[in-house]
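**Student:** Have a look at this one before I ask anything.
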Amino acid sequence: MQLKAAQRIRRRSEVQLIGASIRRDALTMAGFAIILLFVFVAIFAPFLAPYPNEGAGEPNPPNKFLPPSYAHPFGTDYLGRDVLSRVILGSQVSLVVAVVVIALAILIGTPLGAVAGYFGGKVDEVIMRVTDVFLSFPSLLLAIILLATLGPGLTNAMISLSLTWWPWYTRLMRAQALSLRERAYVDAAKVIGVSNLWILLRHVLPNAITPVLVQGTMDMSSAILAEAGLSFIGLGAQAPSPEWGLMVSTGRIYILNFWWFPTFPGLAIFAVAVAFNLLGDGLREILDPKTRRFVQQ
Amino acid sequence: MQSGLAKYAARRLVLALFVLLAVVTFTFIVARVVPSDPAELYVGPKATAAQRERAQLELGLNRPLYVQYFDYLRGLLTGNWGISLKGHTSVLRDILTYLPATLEIIILANVIAVLVGIPLGVYSAVKKGSLLDQGGRLTAIAGVSIPSFWFALLLQLLFFGTLHILPLEGRLSVIVAIYYPVKTITGFYTLDSLLTLNFVGFVDSLRHLILPAIALATYPIGLITRMTRSMMIEVLRENYIRFARANGIIERVIIFKHALKNAIVPTLTVLGLSFAYSITGAVLIEIIFGWPGLGTYTLNAIIEADYPAILGVTIFGTIFYIVINLTLDIAQSYIDPRVRLT
C-alpha cells in the first residue's frame, strides 16, 4: 500500500508540483490571475470593449476630454475616443509584443547556446565572445540605434528588441547543454552512432527547455515595458494604434488638465508588468534548488 | 594575491577594449546603412548640387567606406568624433555639454536607490515573512514594473498640479535664471551654484532635480531592494552567522558587519546594471521634464538622422557603461577574491 502511494507521489509531474506551490503563495497566485485576465481580455477585446470602433482609432470629436463617468469609466481622449475601449484593445498589442519578442529571442538564442555548450572548444569561444559584446552594452540603447536605422514602427520595434535580447537565452541554454552533454544517455547515444544534430534535437533541447521557458515568462514584463518605452519616444507603435505607451505619450501634455487620458493606459502597463514579475518571482523561488525542498514536502 | 588581482583586471580590460571595438564597428555599419544621404542633411534641402558635392568632400564621403572607418577610429582616439550634420558642431563637445545635466539626475537617482534599496532589502530579509517584508517585496516588484515615464507624469500631477510644491520642468525657474543665473563651471547646476555661493540658485536647481531623479530611481530601487533582500536571506542562513549568534554577538553587529558585508557584493553588480539602465532611462525622463541632457540630444539626433551624433552618443554610452562595470567588477574582486576565479 505504502509503495503504491509513494509511486503515485513520484508520478506527479514537475509541472503539477510547480502548480501546487504557486497555489500556496498568495502573491504569485495574484500575478497568475492578472495574467489570465490579461490574456482573456486580449483574446476577446473586440467583444469586451464598449466602443470597439473608437478603441481601434475612430475619432468622435463631440465627446472629447469627458471625465470618467458611468458611460466612459476611464473618460475619453483628445479625439473623443473611449479610453477604456482603447486600453482593452491595446492589450492585444502588448500580448503580441510580449510573445513575439521573447519567442524570437528564444529562437535565435537557444540553438546557439545549445551548440556552444554541446560542442565546446572554438565554437563555444566565438559564440560566447559575441554574447559578451551584446551583454556589455545597454541593450535598450542598441534597440534605439537599430530602430533609428530600420525606421520606427511596431514590427521593427519587436525585431530590434529580439535582436538585443537573444544572448541571455544563449547563456542560459549553454549552461544547460554543458551539464547535459555529460549525461549517460548522451554518451550512450554517441556510442551507438547517433549524429550530433540528432542528439542536440532529441536529447539536449527537450531536457533543457524548461528553464528557458520559465525565464521567458519572467522576461515578458521587461519586453512589454521596453516596447512601451520605445512607443513613448515615438519609435514603436504609430497612431492610431491603441498601444499603451503611445497613449501615455499622446496624453502626456494633458496630464494637468485631463489626468485620466494618460493615467489609465499607464496603469495597464504597470498592472501587467507587476503580474509577470510576481509570477516570475514566485517561479524563481520555487525552482531555486536551495529552496526547492519546501516544494516537495 | 595582488598579482591575481592585476591579472584579473588586465583580462577584463582586454575584453572591454574588444567589446568597444565591436560596438564601434557595429554602429558604424548600422549608421551607414541609413538610406538618407548625410551630405544632403549637412547642407539642407535648399542647397545646390555643387554645395552638396563640396559637403561630400568636406565630410570625406567620397572615399571608400573602409578608409572612412579607419579615419573614424583614428578620430575617436584623438578626440575628433565628427561634426554633427544639423548644428555643424563638434559631436564630442556637444556630448560633453549635455552630459552634466544627465549625470546630475543619474547620480541623484542612484544615490536615492542605494539609500532606499539597501536598508529596505536588509530589513525585509531580517524580518522575513513579516508585514514589513511583504512591503519590501512589493516595493521591489513595483519598482521594476512601473513605467518610469508614466510615474513621472503622476509625480508632476501630484507635486506640481495638486500640491504646488515642486516645479513642473526645466533645470531652473525663469525668475531665478534672470536674477540669480548659475555660472557654468562644471555644468552641474547644484555644484556650480554652491561654488559661486549662489544659494538661491542651489535651492532652485535642487528643487528641479527632485522629481526627475525620483522617477528615474524607481527601477534601480526595485533592483537593489530585490538583490539585497535575497542575498541577505541566503547569508543569514550560513553557519558562521549562527556561530556568531551563539557567541552572543549583538544582532545589530551580526546584521550589519557579518552579514551585510558578504551580501553587498552582488549588489555592486546590480548597481552597474542600474547605472546602465539609467543612461537609457534618462531618454524617457528628459522628454517629460524638458531636461536639456544627453537623452534629449540623442532623441533629436535620431529624429534628424544625424548619424555622427547618433554614433557619438552610442559610443559614449558604451564607454560609460563599460567603465562603470569594469570598476565595479574590479572592486568586487578586490572585496571578494573568489570572483577572480570565474
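Residue names in the C-alpha cells use chain letters A, B, ... in the order shown, residue numbers from 1 in each chain, and ligand numbers from 1 in the order shown.
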Segment 221-280 of chain B near segment 333-337 of chain B within 10 Å: what's each residue's closest atom pair and its distance in Å to one decimal, counting only C-alpha atoms, ordered by chain then ascending residue number, as a tab-separated table?
**Tutor:**
```
residue	atom	partner	partner_atom	distance
B:Lys261	CA	B:Ile335	CA	9.3
B:Asn262	CA	B:Asp336	CA	8.5
B:Ile264	CA	B:Ile335	CA	9.9
B:Val265	CA	B:Asp336	CA	7.5
```
**Student:** Please save C-alpha atoms of the selected residues as a PDB file, in the first residue's frame.
**Tutor:**
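Ended up saving to out-v2.pdb:
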```
ATOM      1  CA  LYS B 261      29.395  42.818   4.210  1.00  0.00           C
ATOM      2  CA  ASN B 262      29.019  39.490   2.428  1.00  0.00           C
ATOM      3  CA  ILE B 264      26.649  43.550  -0.514  1.00  0.00           C
ATOM      4  CA  VAL B 265      28.999  42.140  -3.166  1.00  0.00           C
TER       5      VAL B 265
END
```
**Student:** Please identify every residue of segment 57-130 of chain B that has at least one atom no farther than 10 Å from an atom of segment 238-255 of chain B, counting only C-alpha atoms, and for each give the shortest atom pair and the distance in Å to one decimal, arranged by chain then increasing number, as a tab-separated table.
**Tutor:**
```
residue	atom	partner	partner_atom	distance
B:Val122	CA	B:Ile255	CA	8.2
B:Tyr123	CA	B:Ile255	CA	9.5
B:Val126	CA	B:Ile255	CA	8.0
```
**Student:** Tell me as an MDAnalysis selection string which residues belonging to chain A come within 8 Å of chain B, counting only C-alpha atoms.
**Tutor:** chainID A and resid 132:133 136:138 140:142 145:146 148:150 221:222 225 229 232:233 248 252 255:256 259 262:263 266 269:270 273:274 277:278
**Student:** Please run DSSP on the backbone and report, as a PyMOL selection string, all residues within segment 59-245 of chain A that come out as helix (DSSP H, G or I).
**Tutor:** chain A and resi 61-63+83-119+121-135+139-150+154-180+184-191+196-232+244-245
**Student:** Residues at most 12 Å from Val96 of chain A, counting only C-alpha atoms, excluding those fewer than 6 positions away in the same chain, as a VMD selection string?
**Tutor:** chain A and resid 38 to 39 42 to 43 89 to 90 102 to 104 154 to 155 158 220 223 to 224 227 243
**Student:** Would you mind exporting C-alpha atoms of the selected residues as a PDB file, in the first residue's frame?
**Tutor:**
```pdb
ATOM      1  CA  PHE A  38      -4.933  39.968 -19.423  1.00  0.00           C
ATOM      2  CA  VAL A  39      -4.821  37.101 -21.934  1.00  0.00           C
ATOM      3  CA  ALA A  42      -6.684  40.433 -25.241  1.00  0.00           C
ATOM      4  CA  ILE A  43      -8.364  37.490 -26.976  1.00  0.00           C
ATOM      5  CA  LEU A  89      -7.804  46.828 -27.497  1.00  0.00           C
ATOM      6  CA  GLY A  90      -4.284  47.845 -26.515  1.00  0.00           C
ATOM      7  CA  ILE A 102      10.505  36.615 -26.334  1.00  0.00           C
ATOM      8  CA  ALA A 103       9.754  33.813 -28.811  1.00  0.00           C
ATOM      9  CA  LEU A 104      12.028  35.351 -31.428  1.00  0.00           C
ATOM     10  CA  LEU A 154       5.749  48.231 -34.039  1.00  0.00           C
ATOM     11  CA  THR A 155       7.192  45.379 -36.139  1.00  0.00           C
ATOM     12  CA  MET A 158       9.779  43.989 -31.848  1.00  0.00           C
ATOM     13  CA  MET A 220       7.736  39.220 -20.705  1.00  0.00           C
ATOM     14  CA  ALA A 223       9.600  43.141 -23.089  1.00  0.00           C
ATOM     15  CA  ILE A 224       6.287  44.943 -22.545  1.00  0.00           C
ATOM     16  CA  GLU A 227       8.334  48.291 -26.091  1.00  0.00           C
ATOM     17  CA  GLU A 243      -0.669  50.777 -27.883  1.00  0.00           C
TER      18      GLU A 243
END
```
